[in-house]
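S.K.: Below is protein_24.cif; it holds mmCIF, C-alpha atoms.
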```cif
data_work
#
loop_
_atom_site.label_atom_id
_atom_site.label_comp_id
_atom_site.auth_asym_id
_atom_site.auth_seq_id
_atom_site.Cartn_x
_atom_site.Cartn_y
_atom_site.Cartn_z
CA MET A 1 0.07 51.20 -0.57
CA ALA A 2 -2.33 50.36 -3.40
CA THR A 3 0.60 49.37 -5.59
CA TYR A 4 1.91 47.06 -2.86
CA LEU A 5 -1.48 45.38 -2.43
CA HIS A 6 -1.80 44.95 -6.17
CA GLN A 7 1.63 43.34 -6.40
CA ALA A 8 0.88 41.07 -3.44
CA ARG A 9 -2.42 40.02 -5.03
CA ARG A 10 -0.69 39.22 -8.31
CA ALA A 11 2.01 37.24 -6.49
CA GLY A 12 -0.67 35.28 -4.63
CA LEU A 13 -2.57 34.50 -7.81
CA SER A 14 0.65 33.47 -9.50
CA ARG A 15 1.49 31.04 -6.66
CA LEU A 16 -2.06 29.67 -6.74
CA ASP A 17 -1.87 29.18 -10.49
CA THR A 18 1.51 27.43 -10.23
CA LYS A 19 0.43 25.09 -7.46
CA GLY A 20 -3.21 24.60 -8.39
CA SER A 21 -3.20 24.36 -12.19
CA PRO A 22 -1.58 20.88 -12.30
CA TYR A 23 -4.47 19.54 -10.19
CA LEU A 24 -6.99 21.13 -12.52
CA TYR A 25 -5.30 19.50 -15.52
CA ILE A 26 -5.59 16.00 -14.05
CA LEU A 27 -9.02 16.58 -12.48
CA PRO A 28 -11.00 15.31 -15.54
CA PHE A 29 -9.26 11.93 -15.30
CA PHE A 30 -10.13 11.52 -11.64
CA LEU A 31 -13.73 12.59 -12.26
CA LEU A 32 -14.10 10.01 -15.03
CA PHE A 33 -12.31 7.36 -12.97
CA GLY A 34 -14.55 8.06 -9.98
CA ALA A 35 -17.73 7.88 -12.05
CA PHE A 36 -16.89 4.88 -14.25
CA GLY A 37 -14.23 3.08 -12.22
CA LEU A 38 -14.28 3.64 -8.48
CA PHE A 39 -18.04 3.94 -8.00
CA PRO A 40 -18.89 0.70 -9.92
CA LEU A 41 -16.13 -1.07 -8.00
CA LEU A 42 -17.47 -0.02 -4.62
CA TYR A 43 -21.06 -0.65 -5.67
CA THR A 44 -20.11 -4.16 -6.79
CA ALA A 45 -18.63 -4.74 -3.34
CA TYR A 46 -21.95 -3.71 -1.79
CA VAL A 47 -23.90 -5.96 -4.15
CA SER A 48 -21.64 -8.92 -3.26
CA PHE A 49 -22.99 -8.84 0.31
CA ASN A 50 -26.58 -9.17 -0.90
CA ASP A 51 -28.81 -11.85 -2.32
CA TRP A 52 -29.58 -9.80 -5.44
CA ASP A 53 -32.03 -10.99 -8.09
CA LEU A 54 -32.48 -8.61 -11.01
CA LEU A 55 -35.49 -10.51 -12.38
CA ASP A 56 -37.43 -9.86 -9.19
CA SER A 57 -37.58 -6.08 -9.72
CA GLY A 58 -34.03 -5.79 -8.49
CA SER A 59 -34.97 -6.96 -5.01
CA HIS A 60 -32.13 -7.73 -2.66
CA ARG A 61 -31.52 -8.89 0.87
CA TRP A 62 -28.40 -8.41 2.96
CA VAL A 63 -26.68 -11.77 3.53
CA GLY A 64 -23.19 -10.68 4.59
CA LEU A 65 -20.46 -13.14 3.62
CA ALA A 66 -22.89 -15.87 2.54
CA ASN A 67 -22.05 -15.43 -1.16
CA TYR A 68 -18.34 -15.77 -0.45
CA ARG A 69 -18.86 -18.86 1.71
CA GLU A 70 -20.96 -20.46 -1.01
CA MET A 71 -18.36 -19.61 -3.63
CA LEU A 72 -15.55 -21.24 -1.63
CA GLN A 73 -17.62 -24.44 -1.49
CA ASP A 74 -18.62 -24.31 -5.16
CA ALA A 75 -16.78 -26.95 -7.21
CA TYR A 76 -17.60 -25.07 -10.41
CA PHE A 77 -15.76 -22.00 -9.14
CA TRP A 78 -12.61 -23.98 -8.31
CA ASN A 79 -12.80 -25.70 -11.68
CA ALA A 80 -13.02 -22.30 -13.38
CA LEU A 81 -10.09 -20.98 -11.34
CA GLY A 82 -7.96 -24.00 -12.27
CA ASN A 83 -8.83 -23.57 -15.95
CA THR A 84 -7.94 -19.88 -15.77
CA LEU A 85 -4.54 -20.54 -14.22
CA SER A 86 -3.79 -23.31 -16.73
CA ILE A 87 -4.64 -21.15 -19.76
CA TRP A 88 -2.72 -18.25 -18.26
CA VAL A 89 0.48 -20.28 -17.88
CA LEU A 90 0.19 -21.90 -21.32
CA SER A 91 -0.37 -18.56 -23.05
CA THR A 92 1.72 -16.06 -21.08
CA VAL A 93 5.09 -17.82 -20.72
CA PRO A 94 5.54 -18.83 -24.41
CA GLN A 95 4.08 -15.51 -25.50
CA LEU A 96 6.63 -13.37 -23.66
CA LEU A 97 9.55 -15.59 -24.67
CA ALA A 98 8.48 -15.46 -28.33
CA ALA A 99 7.97 -11.70 -28.13
CA LEU A 100 11.49 -11.23 -26.76
CA TRP A 101 12.96 -13.35 -29.56
CA ILE A 102 10.97 -11.53 -32.28
CA ALA A 103 12.00 -8.15 -30.91
CA HIS A 104 15.64 -9.24 -30.94
CA LEU A 105 15.34 -10.21 -34.61
CA LEU A 106 13.58 -6.97 -35.55
CA ASN A 107 16.28 -4.98 -33.82
CA HIS A 108 18.78 -6.02 -36.51
CA ARG A 109 19.23 -4.44 -39.91
CA LEU A 110 16.68 -6.16 -42.14
CA ARG A 111 15.12 -5.41 -45.48
CA ALA A 112 11.62 -3.94 -45.19
CA ARG A 113 12.25 -3.56 -41.47
CA THR A 114 9.47 -1.00 -41.00
CA ALA A 115 6.93 -3.21 -42.77
CA LEU A 116 7.93 -6.18 -40.63
CA ARG A 117 7.58 -4.13 -37.45
CA MET A 118 4.13 -2.98 -38.49
CA GLY A 119 3.18 -6.52 -39.48
CA VAL A 120 3.74 -8.01 -36.03
CA LEU A 121 1.05 -5.66 -34.68
CA LEU A 122 -1.64 -6.78 -37.14
CA PRO A 123 -2.93 -9.66 -34.95
CA ASN A 124 -3.53 -7.21 -32.12
CA VAL A 125 -5.58 -4.75 -34.18
CA THR A 126 -7.67 -7.54 -35.70
CA SER A 127 -11.09 -8.09 -34.13
CA ILE A 128 -10.93 -10.68 -31.39
CA VAL A 129 -14.17 -12.17 -32.69
CA ALA A 130 -12.68 -12.70 -36.14
CA VAL A 131 -9.45 -14.13 -34.72
CA THR A 132 -11.26 -16.62 -32.49
CA ILE A 133 -13.62 -17.74 -35.26
CA VAL A 134 -10.67 -18.38 -37.59
CA PHE A 135 -8.77 -20.35 -34.96
CA THR A 136 -11.90 -22.31 -34.06
CA GLN A 137 -12.04 -23.44 -37.69
CA LEU A 138 -8.32 -24.24 -37.70
CA PHE A 139 -8.76 -26.40 -34.59
CA GLY A 140 -11.87 -28.10 -35.95
CA ARG A 141 -12.14 -31.82 -35.26
CA ASP A 142 -13.16 -33.02 -38.73
CA PHE A 143 -11.93 -30.43 -41.22
CA GLY A 144 -9.48 -28.33 -39.22
CA MET A 145 -6.09 -27.56 -40.73
CA VAL A 146 -4.28 -28.36 -37.48
CA ASN A 147 -5.60 -31.93 -37.48
CA TRP A 148 -4.75 -32.21 -41.18
CA VAL A 149 -1.13 -31.25 -40.48
CA LEU A 150 -0.99 -33.66 -37.54
CA GLY A 151 -2.36 -36.38 -39.79
CA LEU A 152 0.62 -35.92 -42.12
CA VAL A 153 2.93 -37.11 -39.34
CA GLY A 154 0.69 -39.97 -38.28
CA ILE A 155 -1.20 -38.34 -35.41
CA GLY A 156 -4.94 -39.01 -35.37
CA PRO A 157 -7.54 -36.24 -35.27
CA ILE A 158 -7.97 -34.46 -31.94
CA ASP A 159 -11.27 -33.11 -30.67
CA TRP A 160 -9.79 -29.87 -29.38
CA GLN A 161 -12.97 -28.72 -27.63
CA ALA A 162 -13.77 -32.00 -25.90
CA ASN A 163 -10.76 -32.40 -23.63
CA THR A 164 -9.32 -30.15 -20.95
CA TRP A 165 -5.68 -30.11 -22.06
CA SER A 166 -6.46 -29.76 -25.77
CA SER A 167 -8.97 -26.93 -25.29
CA HIS A 168 -6.56 -25.07 -23.01
CA LEU A 169 -3.79 -25.46 -25.57
CA ALA A 170 -5.98 -24.22 -28.43
CA ILE A 171 -7.20 -21.18 -26.48
CA SER A 172 -3.63 -20.43 -25.44
CA PHE A 173 -2.61 -20.37 -29.10
CA ILE A 174 -5.31 -17.78 -29.78
CA VAL A 175 -4.18 -15.55 -26.92
CA ALA A 176 -0.48 -15.89 -27.74
CA TRP A 177 -1.00 -15.22 -31.46
CA ARG A 178 -2.92 -12.04 -30.70
CA TRP A 179 -0.62 -10.51 -28.09
CA THR A 180 2.89 -11.70 -28.98
CA GLY A 181 3.42 -8.95 -31.57
CA TYR A 182 2.18 -6.27 -29.18
CA ASN A 183 4.69 -7.31 -26.50
CA ALA A 184 7.41 -7.65 -29.15
CA LEU A 185 7.01 -3.98 -30.10
CA ILE A 186 7.25 -2.97 -26.45
CA TYR A 187 10.48 -4.95 -26.12
CA LEU A 188 11.75 -3.51 -29.40
CA ALA A 189 11.15 0.05 -28.22
CA SER A 190 13.16 -0.67 -25.08
CA MET A 191 15.94 -2.28 -27.11
CA GLN A 192 16.21 0.86 -29.21
CA ALA A 193 16.98 2.82 -26.04
CA ILE A 194 19.94 0.61 -25.05
CA PRO A 195 23.21 2.54 -25.61
CA HIS A 196 24.90 1.23 -28.74
CA HIS A 197 28.40 1.61 -27.30
CA LEU A 198 27.72 -1.37 -25.01
CA TYR A 199 27.39 -3.64 -28.04
CA GLU A 200 30.45 -2.08 -29.66
CA ALA A 201 32.49 -2.79 -26.55
CA ALA A 202 31.18 -6.36 -26.49
CA ASP A 203 32.17 -6.81 -30.14
CA LEU A 204 35.70 -5.67 -29.34
CA ASP A 205 35.83 -8.20 -26.51
CA GLY A 206 34.78 -10.95 -28.91
CA ALA A 207 31.34 -11.58 -27.46
CA SER A 208 28.95 -13.51 -29.71
CA GLN A 209 25.43 -12.37 -30.57
CA ALA A 210 23.99 -14.84 -28.07
CA GLN A 211 26.28 -13.61 -25.32
CA GLN A 212 25.41 -9.98 -26.07
CA PHE A 213 21.72 -10.82 -25.92
CA ARG A 214 22.10 -12.65 -22.60
CA ARG A 215 24.56 -10.26 -20.93
CA ILE A 216 23.43 -6.88 -22.29
CA THR A 217 19.96 -6.96 -23.84
CA VAL A 218 18.07 -9.01 -21.25
CA PRO A 219 19.50 -7.19 -18.17
CA MET A 220 18.75 -3.80 -19.73
CA LEU A 221 15.16 -4.92 -20.44
CA ARG A 222 14.38 -5.99 -16.88
CA PRO A 223 11.97 -3.09 -16.12
CA THR A 224 10.15 -3.74 -19.40
CA ILE A 225 10.00 -7.47 -18.75
CA ILE A 226 8.49 -6.79 -15.33
CA PHE A 227 5.92 -4.49 -16.91
CA THR A 228 4.88 -6.96 -19.63
CA THR A 229 4.74 -9.83 -17.13
CA VAL A 230 2.42 -7.94 -14.80
CA ILE A 231 0.21 -6.69 -17.64
CA SER A 232 0.03 -10.16 -19.22
CA THR A 233 -0.89 -11.62 -15.83
CA ILE A 234 -3.72 -9.15 -15.37
CA GLY A 235 -5.05 -9.78 -18.87
CA GLY A 236 -4.55 -13.55 -18.73
CA LEU A 237 -6.50 -14.00 -15.52
CA GLN A 238 -9.40 -11.97 -16.92
CA ILE A 239 -9.68 -14.01 -20.12
CA MET A 240 -13.27 -14.34 -21.30
CA ALA A 241 -13.84 -13.63 -24.99
CA GLU A 242 -11.58 -16.37 -26.36
CA PRO A 243 -13.11 -19.31 -24.43
CA LEU A 244 -16.62 -17.92 -24.93
CA LEU A 245 -16.23 -17.75 -28.71
CA PHE A 246 -14.23 -20.98 -28.85
CA ALA A 247 -17.30 -22.92 -27.68
CA SER A 248 -19.45 -23.72 -30.67
CA SER A 249 -22.63 -23.28 -28.65
CA GLN A 250 -21.66 -19.74 -27.57
CA THR A 251 -22.62 -20.53 -23.95
CA PRO A 252 -20.66 -19.38 -20.87
CA THR A 253 -20.28 -22.90 -19.49
CA GLY A 254 -16.99 -23.39 -21.35
CA GLY A 255 -17.79 -26.71 -22.98
CA SER A 256 -20.14 -29.55 -22.16
CA ASP A 257 -18.15 -30.49 -19.06
CA ARG A 258 -16.92 -26.97 -18.21
CA GLN A 259 -13.49 -28.06 -19.37
CA PHE A 260 -12.43 -24.56 -20.42
CA GLN A 261 -14.71 -22.33 -18.39
CA THR A 262 -12.70 -19.48 -16.85
CA VAL A 263 -13.53 -17.41 -13.78
CA ALA A 264 -14.71 -14.53 -15.96
CA LEU A 265 -17.03 -16.90 -17.83
CA PHE A 266 -18.30 -18.35 -14.55
CA MET A 267 -19.00 -14.84 -13.30
CA TYR A 268 -20.84 -14.02 -16.54
CA GLU A 269 -22.89 -17.20 -16.24
CA GLN A 270 -23.96 -16.46 -12.69
CA GLY A 271 -24.76 -12.82 -13.36
CA PHE A 272 -26.40 -12.83 -16.79
CA ARG A 273 -27.70 -16.37 -17.12
CA GLU A 274 -28.67 -17.28 -13.57
CA PHE A 275 -29.27 -13.59 -12.69
CA ARG A 276 -27.57 -14.02 -9.31
CA PHE A 277 -25.93 -10.62 -9.23
CA GLY A 278 -24.86 -10.84 -5.61
CA TYR A 279 -23.04 -14.13 -6.19
CA ALA A 280 -21.53 -12.88 -9.45
CA SER A 281 -20.25 -9.76 -7.67
CA ALA A 282 -18.59 -11.92 -5.04
CA VAL A 283 -16.86 -13.87 -7.81
CA ALA A 284 -15.79 -10.58 -9.43
CA TRP A 285 -14.19 -9.30 -6.24
CA THR A 286 -12.47 -12.63 -5.63
CA LEU A 287 -11.07 -12.53 -9.17
CA CYS A 288 -9.82 -8.99 -8.51
CA LEU A 289 -8.07 -10.24 -5.36
CA VAL A 290 -6.50 -13.18 -7.21
CA ILE A 291 -5.22 -10.88 -9.97
CA ALA A 292 -3.72 -8.51 -7.40
CA ILE A 293 -1.98 -11.37 -5.57
CA PHE A 294 -0.53 -12.87 -8.75
CA ALA A 295 0.57 -9.46 -10.06
CA ILE A 296 2.40 -8.73 -6.79
CA ILE A 297 4.01 -12.19 -6.76
CA ASN A 298 5.16 -11.77 -10.36
CA PHE A 299 6.59 -8.35 -9.59
CA LEU A 300 8.45 -9.55 -6.47
CA LEU A 301 9.81 -12.69 -8.18
CA THR A 302 11.06 -10.73 -11.17
CA ARG A 303 12.72 -8.17 -8.91
CA ARG A 304 14.28 -10.96 -6.83
CA ILE A 305 15.68 -12.68 -9.94
CA ALA A 306 17.10 -9.37 -11.15
CA LYS A 307 18.82 -8.74 -7.81
CA ASP A 308 20.26 -12.27 -7.69
CA GLU A 309 21.72 -11.86 -11.18
CA ASP A 310 23.29 -8.55 -10.14
#
```
Show the structure stored in the file as C-alpha cells.
M.R.:
Amino acid sequence: MATYLHQARRAGLSRLDTKGSPYLYILPFFLLFGAFGLFPLLYTAYVSFNDWDLLDSGSHRWVGLANYREMLQDAYFWNALGNTLSIWVLSTVPQLLAALWIAHLLNHRLRARTALRMGVLLPNVTSIVAVTIVFTQLFGRDFGMVNWVLGLVGIGPIDWQANTWSSHLAISFIVAWRWTGYNALIYLASMQAIPHHLYEAADLDGASQAQQFRRITVPMLRPTIIFTTVISTIGGLQIMAEPLLFASSQTPTGGSDRQFQTVALFMYEQGFREFRFGYASAVAWTLCLVIAIFAIINFLLTRRIAKDED
C-alpha cells in the first residue's frame, strides 16, 4: 500500500512538473510586462480621463472624455497627425523596397560578402543622435552638402527645415538610411531559407534573374514582408527622435510653424512642456489606437494581395 501511494505521489508530481514548469519558465516575462508594460498602459488610460497638472503637486480632477473632445478639436493635433503620416509614407515605402533590392544583391556570390552583410547593419547600430546630427549638417541651408550637390545641376539652395515637404523628405532620408540595412538583413535571412532547387528548376526553364526574383523570391518572402511592413508601420508612426533632433532649436514644436511636428512630439510638448499630463495621455492612447488600426490595415492588405496573386 505504501509503495502504491509513493508511486502515485511521484506520478502526480511528474504530471505537475510537466504541465506547470512551462508556465514557471515564462512567468518572469509576464511579471516584467505587467510591471513595466501593462500597468503603465492602464494607468495612462486613467490619467487621460483627468485634468492632471504635475506642477500643482500632482493634483488632478476627473473630467471624463473632455481631453479627447479637446484633442479632436485641436488643429495642432491634426497637423501633427498629418505630418506623421506623411513622414511615415515617405520613409517606409522606399525603405522596404530598397531593403528588398539590397538583400537580393547580397544573396548572390560576391567578394567580401560577409563584410558587406555586416556593413549594411552599421547605420542601425550607430547612435540615432549622431546620425541625426550628421544628416542635419548635410541638409544645412548654407553649407550643407546636399545643397552643394543640387547646385552642381543648377538647383538653388533649399531651406530644408523651413518648408513642410522639404523637412519631411529630409527626415524620411534619416529614417530610411538607419533602418534599410536592418530590414535588408531580415529579408536576406528569409532568402537563405528558400529551397535552392526552385532556382535550379527556373534556370532549366530559361527564367531570367528578374523573373526568378518576381516569381520565386517575392512570393516566398510574403510572411517576412508582412512582418517588416507591420513593424515599420509601428515604428514610423511613433517617430520622435529624428524630428526633435532635426530642429536646430531642440524644441518639440517641430519647426517654427510646426511643419514637421509629429504626434509623438506633440504628446511630449503637452506632457513635459505644458505639463498637461491628462491631455498628453489622451494623445498617447489615440496614437496607440491609430498605430493598431494602421497595423491591422497593412496586415489585411498584404494578405489580400498575396491571396489575389495566388
S.K.: Can you give me, as a ChimeraX atom specification, the residues this file yields under the PyMOL selection byres ((chain A and resi 71) around 12)?
M.R.: /A:48,65-70,72-81,263,266-267,270,278-287
S.K.: Nearest to Asn50 (chain A): which of A:Arg276, A:Ala176, A:Leu90, A:Ala210 is it, counting only C-alpha atoms?
M.R.: A:Arg276
S.K.: Which residue out of A:Phe39, A:Ala162, A:Gly119, A:Phe227 has the minimum interatomic distance to Ile296 (chain A) when all atoms listed in the file are used?
M.R.: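 Among the listed residues, the smallest separation from Ile296 (chain A) belongs to A:Phe227.
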S.K.: What does the distance from CA of Gly64 (chain A) to CA of Phe49 (chain A) come to in Å, to one decimal?
M.R.: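 Atom-to-atom, CA of Gly64 (chain A) and CA of Phe49 (chain A) are spaced 4.7 Å apart.
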S.K.: Determine the residue set returned by the PyMOL selection byres ((chain A and resi 183-192) around 9) for the present structure, and present it as an mmCIF file with C-alpha atoms, in the coordinates of the input.
M.R.:
```
data_model
loop_
_atom_site.group_PDB
_atom_site.id
_atom_site.type_symbol
_atom_site.label_atom_id
_atom_site.label_comp_id
_atom_site.auth_asym_id
_atom_site.auth_seq_id
_atom_site.Cartn_x
_atom_site.Cartn_y
_atom_site.Cartn_z
ATOM 1 C CA GLN A 95 4.080 -15.510 -25.500
ATOM 2 C CA LEU A 96 6.630 -13.370 -23.660
ATOM 3 C CA ALA A 98 8.480 -15.460 -28.330
ATOM 4 C CA ALA A 99 7.970 -11.700 -28.130
ATOM 5 C CA LEU A 100 11.490 -11.230 -26.760
ATOM 6 C CA TRP A 101 12.960 -13.350 -29.560
ATOM 7 C CA ILE A 102 10.970 -11.530 -32.280
ATOM 8 C CA ALA A 103 12.000 -8.150 -30.910
ATOM 9 C CA HIS A 104 15.640 -9.240 -30.940
ATOM 10 C CA LEU A 106 13.580 -6.970 -35.550
ATOM 11 C CA ASN A 107 16.280 -4.980 -33.820
ATOM 12 C CA ARG A 117 7.580 -4.130 -37.450
ATOM 13 C CA MET A 118 4.130 -2.980 -38.490
ATOM 14 C CA VAL A 120 3.740 -8.010 -36.030
ATOM 15 C CA LEU A 121 1.050 -5.660 -34.680
ATOM 16 C CA TRP A 179 -0.620 -10.510 -28.090
ATOM 17 C CA THR A 180 2.890 -11.700 -28.980
ATOM 18 C CA GLY A 181 3.420 -8.950 -31.570
ATOM 19 C CA TYR A 182 2.180 -6.270 -29.180
ATOM 20 C CA ALA A 193 16.980 2.820 -26.040
ATOM 21 C CA ILE A 194 19.940 0.610 -25.050
ATOM 22 C CA PRO A 195 23.210 2.540 -25.610
ATOM 23 C CA HIS A 196 24.900 1.230 -28.740
ATOM 24 C CA THR A 217 19.960 -6.960 -23.840
ATOM 25 C CA MET A 220 18.750 -3.800 -19.730
ATOM 26 C CA LEU A 221 15.160 -4.920 -20.440
ATOM 27 C CA THR A 224 10.150 -3.740 -19.400
ATOM 28 C CA ILE A 225 10.000 -7.470 -18.750
ATOM 29 C CA THR A 228 4.880 -6.960 -19.630
#
```
S.K.: Name the closest residue to Leu85 (chain A) among the candidates A:Pro157, A:Pro223, A:Pro22, A:Gly236; distances are taken between atoms, counting all atoms listed in the file.
M.R.: A:Gly236
S.K.: Apply the PyMOL selection byres ((chain A and resi 141) around 10) to the file shown and report the selected residues as number ranges by chain.
M.R.: A: 136-140, 142-148, 157-162
S.K.: Region 182-193 of chain A, all listed atoms, 6 Å padding on each side: what axis-aligned box centre and edge lengths in Å to one decimal come out, as lines of an AutoDock Vina configuration file?
M.R.:
```
center_x = 9.6
center_y = -2.4
center_z = -27.6
size_x = 26.8
size_y = 22.5
size_z = 17.0
```
S.K.: Calculated over all atoms listed in the file, which of the candidates A:Tyr46, A:Trp165, A:Trp88, A:Phe30 has the smallest distance to Met240 (chain A)?
M.R.: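 Between A:Tyr46, A:Trp165, A:Trp88, A:Phe30, the residue approaching Met240 (chain A) most closely is A:Trp88.
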S.K.: Point out the residue among A:Leu31, A:Leu237, A:Ile216, A:Ala170 with the least atom-to-atom distance to Thr92 (chain A), counting all atoms listed in the file.
M.R.: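 Among the listed residues, A:Leu237 lies closest to Thr92 (chain A).
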S.K.: Using only C-alpha atoms, which of A:Arg273, A:His168, A:Arg215, A:Arg111 sits nearest Ile239 (chain A)?
M.R.: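 Once distances to Ile239 (chain A) are computed over only C-alpha atoms, the minimum belongs to A:His168.
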S.K.: What gap, in Å, lies between CA of Asp51 (chain A) and CA of Leu265 (chain A)?
M.R.: 20.1 Å
S.K.: One decimal, in Å: what's the spacing between CA of Asp203 (chain A) and CA of Thr114 (chain A)?
M.R.: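 Between CA of Asp203 (chain A) and CA of Thr114 (chain A) the gap works out to 25.8 Å.
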S.K.: Could you please fill out region 267-275 of chain A with all heavy atoms and send it back as a PDB file, in the frame of the given file?
M.R.:
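Saved file out_9.pdb follows:
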```pdb
ATOM      1  N   MET A 267     -18.363 -16.049 -13.817  1.00  0.00           N
ATOM      2  CA  MET A 267     -19.000 -14.840 -13.300  1.00  0.00           C
ATOM      3  C   MET A 267     -20.111 -14.378 -14.244  1.00  0.00           C
ATOM      4  O   MET A 267     -21.204 -14.004 -13.809  1.00  0.00           O
ATOM      5  CB  MET A 267     -17.949 -13.748 -13.131  1.00  0.00           C
ATOM      6  CG  MET A 267     -18.488 -12.393 -12.697  1.00  0.00           C
ATOM      7  SD  MET A 267     -17.176 -11.154 -12.635  1.00  0.00           S
ATOM      8  CE  MET A 267     -16.689 -11.092 -14.357  1.00  0.00           C
ATOM      9  N   TYR A 268     -19.833 -14.408 -15.551  1.00  0.00           N
ATOM     10  CA  TYR A 268     -20.840 -14.020 -16.540  1.00  0.00           C
ATOM     11  C   TYR A 268     -22.044 -14.950 -16.489  1.00  0.00           C
ATOM     12  O   TYR A 268     -23.191 -14.508 -16.581  1.00  0.00           O
ATOM     13  CB  TYR A 268     -20.206 -14.047 -17.932  1.00  0.00           C
ATOM     14  CG  TYR A 268     -21.164 -13.750 -19.061  1.00  0.00           C
ATOM     15  CD1 TYR A 268     -21.526 -12.442 -19.363  1.00  0.00           C
ATOM     16  CD2 TYR A 268     -21.706 -14.782 -19.822  1.00  0.00           C
ATOM     17  CE1 TYR A 268     -22.406 -12.171 -20.404  1.00  0.00           C
ATOM     18  CE2 TYR A 268     -22.583 -14.520 -20.860  1.00  0.00           C
ATOM     19  CZ  TYR A 268     -22.931 -13.217 -21.146  1.00  0.00           C
ATOM     20  OH  TYR A 268     -23.809 -12.948 -22.159  1.00  0.00           O
ATOM     21  N   GLU A 269     -21.790 -16.238 -16.319  1.00  0.00           N
ATOM     22  CA  GLU A 269     -22.890 -17.200 -16.240  1.00  0.00           C
ATOM     23  C   GLU A 269     -23.784 -16.937 -15.036  1.00  0.00           C
ATOM     24  O   GLU A 269     -25.012 -16.935 -15.151  1.00  0.00           O
ATOM     25  CB  GLU A 269     -22.319 -18.623 -16.158  1.00  0.00           C
ATOM     26  CG  GLU A 269     -23.387 -19.701 -16.015  1.00  0.00           C
ATOM     27  CD  GLU A 269     -22.815 -21.050 -15.661  1.00  0.00           C
ATOM     28  OE1 GLU A 269     -21.631 -21.110 -15.239  1.00  0.00           O
ATOM     29  OE2 GLU A 269     -23.535 -22.058 -15.792  1.00  0.00           O
ATOM     30  N   GLN A 270     -23.175 -16.694 -13.896  1.00  0.00           N
ATOM     31  CA  GLN A 270     -23.960 -16.460 -12.690  1.00  0.00           C
ATOM     32  C   GLN A 270     -24.723 -15.144 -12.737  1.00  0.00           C
ATOM     33  O   GLN A 270     -25.844 -15.044 -12.240  1.00  0.00           O
ATOM     34  CB  GLN A 270     -23.035 -16.483 -11.461  1.00  0.00           C
ATOM     35  CG  GLN A 270     -22.376 -17.823 -11.204  1.00  0.00           C
ATOM     36  CD  GLN A 270     -23.374 -18.930 -10.980  1.00  0.00           C
ATOM     37  OE1 GLN A 270     -24.347 -18.777 -10.245  1.00  0.00           O
ATOM     38  NE2 GLN A 270     -23.142 -20.078 -11.620  1.00  0.00           N
ATOM     39  N   GLY A 271     -24.112 -14.133 -13.352  1.00  0.00           N
ATOM     40  CA  GLY A 271     -24.760 -12.820 -13.360  1.00  0.00           C
ATOM     41  C   GLY A 271     -25.796 -12.645 -14.437  1.00  0.00           C
ATOM     42  O   GLY A 271     -26.869 -12.072 -14.177  1.00  0.00           O
ATOM     43  N   PHE A 272     -25.519 -13.134 -15.652  1.00  0.00           N
ATOM     44  CA  PHE A 272     -26.400 -12.830 -16.790  1.00  0.00           C
ATOM     45  C   PHE A 272     -27.105 -14.046 -17.366  1.00  0.00           C
ATOM     46  O   PHE A 272     -27.815 -13.925 -18.361  1.00  0.00           O
ATOM     47  CB  PHE A 272     -25.581 -12.148 -17.890  1.00  0.00           C
ATOM     48  CG  PHE A 272     -25.007 -10.826 -17.459  1.00  0.00           C
ATOM     49  CD1 PHE A 272     -23.701 -10.732 -17.016  1.00  0.00           C
ATOM     50  CD2 PHE A 272     -25.789  -9.686 -17.465  1.00  0.00           C
ATOM     51  CE1 PHE A 272     -23.174  -9.513 -16.609  1.00  0.00           C
ATOM     52  CE2 PHE A 272     -25.278  -8.466 -17.059  1.00  0.00           C
ATOM     53  CZ  PHE A 272     -23.961  -8.386 -16.628  1.00  0.00           C
ATOM     54  N   ARG A 273     -26.913 -15.191 -16.732  1.00  0.00           N
ATOM     55  CA  ARG A 273     -27.700 -16.370 -17.120  1.00  0.00           C
ATOM     56  C   ARG A 273     -28.539 -16.861 -15.954  1.00  0.00           C
ATOM     57  O   ARG A 273     -29.701 -17.196 -16.123  1.00  0.00           O
ATOM     58  CB  ARG A 273     -26.770 -17.482 -17.602  1.00  0.00           C
ATOM     59  CG  ARG A 273     -27.509 -18.658 -18.189  1.00  0.00           C
ATOM     60  CD  ARG A 273     -26.540 -19.689 -18.761  1.00  0.00           C
ATOM     61  NE  ARG A 273     -27.237 -20.818 -19.308  1.00  0.00           N
ATOM     62  CZ  ARG A 273     -26.638 -21.871 -19.832  1.00  0.00           C
ATOM     63  NH1 ARG A 273     -25.309 -21.915 -19.903  1.00  0.00           N
ATOM     64  NH2 ARG A 273     -27.336 -22.871 -20.312  1.00  0.00           N
ATOM     65  N   GLU A 274     -27.922 -16.905 -14.764  1.00  0.00           N
ATOM     66  CA  GLU A 274     -28.670 -17.280 -13.570  1.00  0.00           C
ATOM     67  C   GLU A 274     -29.251 -16.061 -12.859  1.00  0.00           C
ATOM     68  O   GLU A 274     -30.062 -16.221 -11.947  1.00  0.00           O
ATOM     69  CB  GLU A 274     -27.739 -18.039 -12.607  1.00  0.00           C
ATOM     70  CG  GLU A 274     -27.093 -19.280 -13.191  1.00  0.00           C
ATOM     71  CD  GLU A 274     -28.093 -20.345 -13.559  1.00  0.00           C
ATOM     72  OE1 GLU A 274     -29.165 -20.382 -12.934  1.00  0.00           O
ATOM     73  OE2 GLU A 274     -27.807 -21.142 -14.478  1.00  0.00           O
ATOM     74  N   PHE A 275     -28.791 -14.862 -13.241  1.00  0.00           N
ATOM     75  CA  PHE A 275     -29.270 -13.590 -12.690  1.00  0.00           C
ATOM     76  C   PHE A 275     -29.046 -13.493 -11.179  1.00  0.00           C
ATOM     77  O   PHE A 275     -29.799 -12.844 -10.469  1.00  0.00           O
ATOM     78  CB  PHE A 275     -30.761 -13.385 -13.018  1.00  0.00           C
ATOM     79  CG  PHE A 275     -31.018 -13.294 -14.488  1.00  0.00           C
ATOM     80  CD1 PHE A 275     -31.541 -14.378 -15.170  1.00  0.00           C
ATOM     81  CD2 PHE A 275     -30.708 -12.145 -15.197  1.00  0.00           C
ATOM     82  CE1 PHE A 275     -31.774 -14.308 -16.541  1.00  0.00           C
ATOM     83  CE2 PHE A 275     -30.936 -12.070 -16.564  1.00  0.00           C
ATOM     84  CZ  PHE A 275     -31.470 -13.156 -17.239  1.00  0.00           C
TER      85      PHE A 275
END
```
